[in-house]
Structures are given as structure tokens and as C-alpha cells.
Amino acid sequence: MNTITVPLQDRSYDVVIGSDLLQNMQSLVQQVHRATEYFFVLDQNIETTHGQCAANSFSGGVKSFVLQAIESNKTMQSVESIWDAMLKEGYDRHGIVVALGGGLTGDVAGFAAATYLRGVPVVQVPTTLLAMVDASIGGKTGINVPIAQKDGGVLLGKNLAGSFWQPALVIADVSTLKTLDDRQLRCGLAECVKHGMLGHQDVITFIQEQNEGIFARDVDILLSLVSQSVAIKANVVAQDEREQGQRALLNLGHTFAHAIEPMSALHLFHGEAVSIGLCAACSCSEALGLIDAEYSDNIRTLLTGIGLPTRLPMPIQLEDAMVLMVKDKKAVRSQIRLVLPTQDGAAVVDDIDEGAIALAWASVGATS
Ligand SMILES: NC(=O)c1ccc[n+]([C@@H]2O[C@H](COP(=O)([O-])OP(=O)(O)OC[C@H]3O[C@@H](n4cnc5c(N)ncnc54)[C@H](O)[C@@H]3O)[C@@H](O)[C@H]2O)c1
């Protein structure tokens with residue numbers, strides 16, 4: 001078992017990474033928080049497996065709200081339903097929310113906890129690789145917000161409302177990844193590759209060399225992978241909790257990804273959109289002379305080797321992608337701000353020439 005602390009003064013917390021941890025969840029939680037009542041927000045797909053296992057470890061039993069983990073449920077309506085259930089069950093400020101599931105469940109449950117009675121503690125219990133290495137760490141919580149389109153339709157803008165609400169504890173039980181399908185495991189690897197691209201070649205090499213063991217769900221390899229990635233994210237978050245500077249680097253590839261993820265015709269999961277976004281970011285960087293062609297080729301080869309997409313599954317209009325990019329939170333007064341790879345890490349780049357962005361989109365299959 002590894003424990004990595006996210007040092008944030010009075011908001012510091014531990015990320016406990018191990019196997020078969022859910023069976024002892026109550027004692028792990030009670031080491032940091034002596035709550036009397038626990039409210040589970042549970043991913044529907046793991047309700048009767050990992051959810052039941054975790055709930056059984058709580059002697060007094062737990063109340064729960066079950067959430068179907070689809071992006072169209074990552075909404076204010078779900079948050080209100082959680083508040084409603086907690087109010088009906090009489091939860092006061094001594095209660096604690098336990099988010100058990102992937103990043104979607106963690107984001108919604110975290111936002112509900114941040115706002116219920118002006119804030120109750122949340123314990124994040126990620127059960128996808130993506131949530132273990134990324135979403136559960138750093139306190140970002142949030143929901144998607146509907147954006148009206150010119151054609152009268154509505155797209156869900158990713159994570160456009162939310163709050164910073166650090167968890168009291170994160171419990172990453174890699175045994176839960178045994179039931180996660182390969183497509184979702186790959187999505188988590190996209191975020192691990194992103195962490196590697198922030199100047200951690202050792203992580204890139206680890207993924208290349210241990211690809212087989214990762215997909216075989218080898219517990220020691222998964223423990224090492226998750227620990228390395230969590231340490232990278234914890235370090236960045238510790239230096240810049242509220243994304244005033246350094247933390248923005250974690251958005252590498254995400255401004256591209258957030259533009260394509262809501263396009264329902266593409267059927268992309270978050271990690272898949274990130275993979276394509278990383279490739280687009282590489283092309284943009286190359287056009288600006290920040291990296292050479294060999295760097296981009298290596299990243300594309302790595303992502304392809306994992307089985308992640310490096311191009312859009314079907315062409316999209318460049319104009320549509322640009323509109324959503326400007327709506328992304330990382331745009332400043334409608335100017336697109338991108339995090340782009342450099343030869344030895346990443347950098348935030350402002351005022352990017354639109355030609356370089358168009359070229360980046362074209363490189364992943366967008367058409368004008
Ligand atoms: N807060 C942050 O800092 C942050 C960072 C990255 C991503 N995110 C958000 O996280 C979400 C993506 O998270 P995700 O990739 O974990 O997706 P997810 O939460 O949608 O889960 C993916 C799928 O896996 C299922 N699942 C979860 N655990 C399982 C298990 N152990 N076995 C079998 N099935 C399981 C879920 O039911 C779902 O169908 C997005 O909404 C994204 O915006 C947030």
C-alpha cells in the first residue's frame with residue numbers, strides 16, 4: 001500500500017493506493033474523519049459489486065444515491081437529486097459524502113458535497129484508472145452546462161460549473177480495475193501519458209514497457225502506475241491549488257478534447273478525446289517550432305500501441321470545433337489559450353496564430 005499526501009495546509013489529504021482496500025473502507029475513512037453518517041453516491045455499474053463490498057465494511061450501514069455514469073447525467077439536475085436525497089434522509093453537516101465510481105461520479109458527488117449545507121466533506125473512492133490518476137485528485141468538481149447552438153440544438157459544455165472542493169481522503173483500490181473494460185482502462189492511460197508528457201519520460205517508458213502487465217491487471221504494475229501518476233498530479237496541485245499558473249499544464253490536450261467530447265456523433269469517451277487532443281496539441285506545437293517531428297511521432301506511436309485513437313473517428317467541421325474551443329474555460333476573453341508540449345515538458349501559450357490551430361485540427365481529421 002502506498003500513501004501520497006497532497007500538501008495543502010489545512011486542506012491536506014492522503015491518497016491511499018492499494019489492493020483490496022474496499023473491504024476495510026470504514027476503518028480507512030474513520031482514520032481521517034469520525035463522521036457518524038455516510039452518504040454514498042454510487043456509480044450504477046458497480047453498485048452490486050464494489051459498491052456492496054464497500055458498504056458492507058460500514059457497521060452501521062449506509063444510505064446511497066445511485067447515478068448512471070453518462071455525461072448527460074453530469075448536470076445540475078443530478079446534483080439537486082443528491083441534495084434532495086440527503087435532505088430526506090436528514091443528513092446534517094456531520095455527514096460525509098463518499099463518491100464511489102469513475103470521474104463522472106466523483107465530479108458530481110464532489111460538487112453536491114461542496115454545496116450541500118454550504119459544504120460537507122467528501123471521500124473520493126475512484127474505481128476507474130482515469131479517476132485514480134486524475135479526476136479524484138486536486139479538488140476539481142463540476143457539472144456540464146447546456147449551451148444553445150445556432151441550429152436550435154443544445155450541446156453540453158464540459159464542466160462549465162463547479163467548485164474547488166478538496167476531498168478529505170482518496171482511496172484508490174486497484175483491485176476494482178479488474179472489472180473495468182479495456183476501453184476504459186485505455187482512457188485512464190491517456191491521462192497517464194499526459195502526465196508523462198509534463199517532463200516525466202520515466203512514466204512514458206514505464207507505460208511502453210509494462211503495457212502487457214497493465215492490461216493483465218497485474219496488481220504490482222497497476223500500483224506502480226497509479227502511484228507515479230498520482231505523485232505527479234499531487235505535486236502540481238500542491239504548487240497551484242486554484243490553477244493560477246502551473247496547474248494549467250495539466251490541461252495539456254484538453255482544450256482540443258473538450259471541443260470534440262460533447263459531439264455525440266463521435267461517441268468519444270473523455271480519455272479518447274484527450275488522446276486525440278494530445279495529438280492535435282503535438283501538431284500545433286510542431287507548427288510553432290516547440291517540438292520536433294520525432295517527438296510527435298513517438299507520442300502517436302505510444303498512443304496507437306495502447307489502442308487509443310489518434311484521429312477523429314469521422315470528419316468534423318473546423319468551424320464547429322473552433323466555436324467550442326472558445327467556449328472552453330481555458331479561453332481568456334475569447335482568445336484561445338493552449339497548453340502545448342515542448343521538448344522537455346509543456347508550456348501555456350497565448351495568442352496562438354489561428355493557422356497553427358487550424359493545422360492542428362486538420363492533422364486529426366477536421367475539415368474546413
Ligand atoms: N475533476 C477532475 O479533475 C477531472 C479530471 C479528469 C476527468 N474528469 C471527468 O471525469 C469523467 C471521466 O471519468 P471516467 O473516465 O472515470 O469515466 P466515468 O466515470 O464515466 O466511468 C466510465 C465507465 O466505467 C464504469 N465503471 C466505473 N468503475 C468501474 C469498474 N471498476 N468496473 C467496471 N465499470 C466501471 C462507469 O459506470 C462508466 O460506464 C469526465 O466527466 C471528466 O470530465 C474530471
# chains A, B, ... in the order shown; residues from 1 in each chain; ligands from 1
call {"tool": "residues_around", "arguments": {"residues": "range 98-107 of chain A", "least_positions_apart": "6", "cutoff": "6 Å", "atoms": "only C-alpha atoms", "output": "ChimeraX atom specification"}}
result
/A:39-43,122-128,131,135,141-142
call {"tool": "residues_near_ligand", "arguments": {"ligand": "ligand 1", "cutoff": "7 Å", "atoms": "only C-alpha atoms and all ligand atoms", "output": "ChimeraX atom specification"}}
result
/A:43-46,68-71,101-105,107,127-131,134-141,158-159,176-181,184,187-188,270-271
call {"tool": "write_last_selection", "arguments": {"atoms": "C-alpha atoms", "output": "short mmCIF file (atom, residue, chain, number, x, y, z; two decimals), in the first residue's frame"}}
result
data_model
loop_
_atom_site.label_atom_id
_atom_site.label_comp_id
_atom_site.auth_asym_id
_atom_site.auth_seq_id
_atom_site.Cartn_x
_atom_site.Cartn_y
_atom_site.Cartn_z
CA ASP A 43 -21.88 4.57 -9.94
CA GLN A 44 -24.75 2.33 -11.11
CA ASN A 45 -22.42 -0.09 -12.90
CA ILE A 46 -20.61 -1.04 -9.71
CA GLN A 68 -25.87 6.31 -14.12
CA ALA A 69 -22.44 7.48 -15.28
CA ILE A 70 -23.23 9.16 -18.58
CA GLU A 71 -22.23 12.74 -19.49
CA GLY A 101 -17.14 5.30 -9.13
CA GLY A 102 -15.36 6.89 -12.05
CA GLY A 103 -14.52 10.54 -12.61
CA LEU A 104 -18.07 11.40 -13.56
CA THR A 105 -19.47 10.17 -10.24
CA ASP A 107 -17.21 15.22 -10.11
CA THR A 127 -12.87 2.89 -9.48
CA THR A 128 -11.57 3.75 -12.97
CA LEU A 129 -7.92 4.26 -13.85
CA LEU A 130 -8.73 7.75 -15.12
CA ALA A 131 -10.33 8.74 -11.84
CA ASP A 134 -6.53 12.27 -12.34
CA ALA A 135 -10.15 13.13 -11.53
CA SER A 136 -10.13 12.20 -7.82
CA ILE A 137 -7.02 14.29 -7.04
CA GLY A 138 -6.94 18.06 -6.81
CA GLY A 139 -10.43 19.00 -5.73
CA LYS A 140 -11.97 19.99 -9.07
CA THR A 141 -15.66 19.13 -9.02
CA LYS A 158 -17.92 20.34 -20.32
CA ASN A 159 -17.52 21.13 -16.64
CA THR A 176 -11.50 -2.58 -8.73
CA LEU A 177 -9.83 -2.22 -12.14
CA LYS A 178 -10.31 -5.97 -12.71
CA THR A 179 -13.92 -5.31 -13.71
CA LEU A 180 -13.12 -2.23 -15.80
CA ASP A 181 -13.17 -2.95 -19.52
CA GLN A 184 -12.00 2.44 -20.13
CA CYS A 187 -8.89 6.13 -21.29
CA GLY A 188 -7.02 6.26 -17.98
CA HIS A 270 -13.14 11.58 -22.17
CA GLY A 271 -9.81 9.70 -22.33
#
call {"tool": "atom_distance", "arguments": {"atom1": "CA of Ala234 in chain A", "atom2": "CA of Val32 in chain A"}}
result
18.4 Å
call {"tool": "closest_residue", "arguments": {"among": "A:Val193, A:Leu312, A:Gly110, A:Thr48", "to": "Leu266 in chain A", "atoms": "only C-alpha atoms"}}
result
A:Leu312
call {"tool": "residues_around", "arguments": {"residues": "Thr304 in chain A", "least_positions_apart": "3", "cutoff": "12 Å", "atoms": "only C-alpha atoms", "output": "list in words"}}
result
Arg186, Leu189, Ala190, Val193, Gln208, Asn211, Glu272, Ser275, Ile276, Cys279, Asp297, Asn298, Ile299, Arg300, Thr301, Gly307, Leu308, Pro309, Thr310 and Arg311 of chain A
call {"tool": "atom_distance", "arguments": {"atom1": "CA of Leu290 in chain A", "atom2": "CA of Leu340 in chain A"}}
result
8.2 Å
call {"tool": "closest_residue", "arguments": {"among": "A:Val274, A:Met76, A:Ala148, A:Ile260", "to": "His195 in chain A", "atoms": "only C-alpha atoms"}}
result
A:Val274
call {"tool": "residues_around", "arguments": {"residues": "Lys63 in chain A", "least_positions_apart": "5", "cutoff": "12 Å", "atoms": "only C-alpha atoms", "output": "number ranges by chain"}}
result
A: 37-42, 51-52, 55-56, 58, 82, 85-91, 95-98
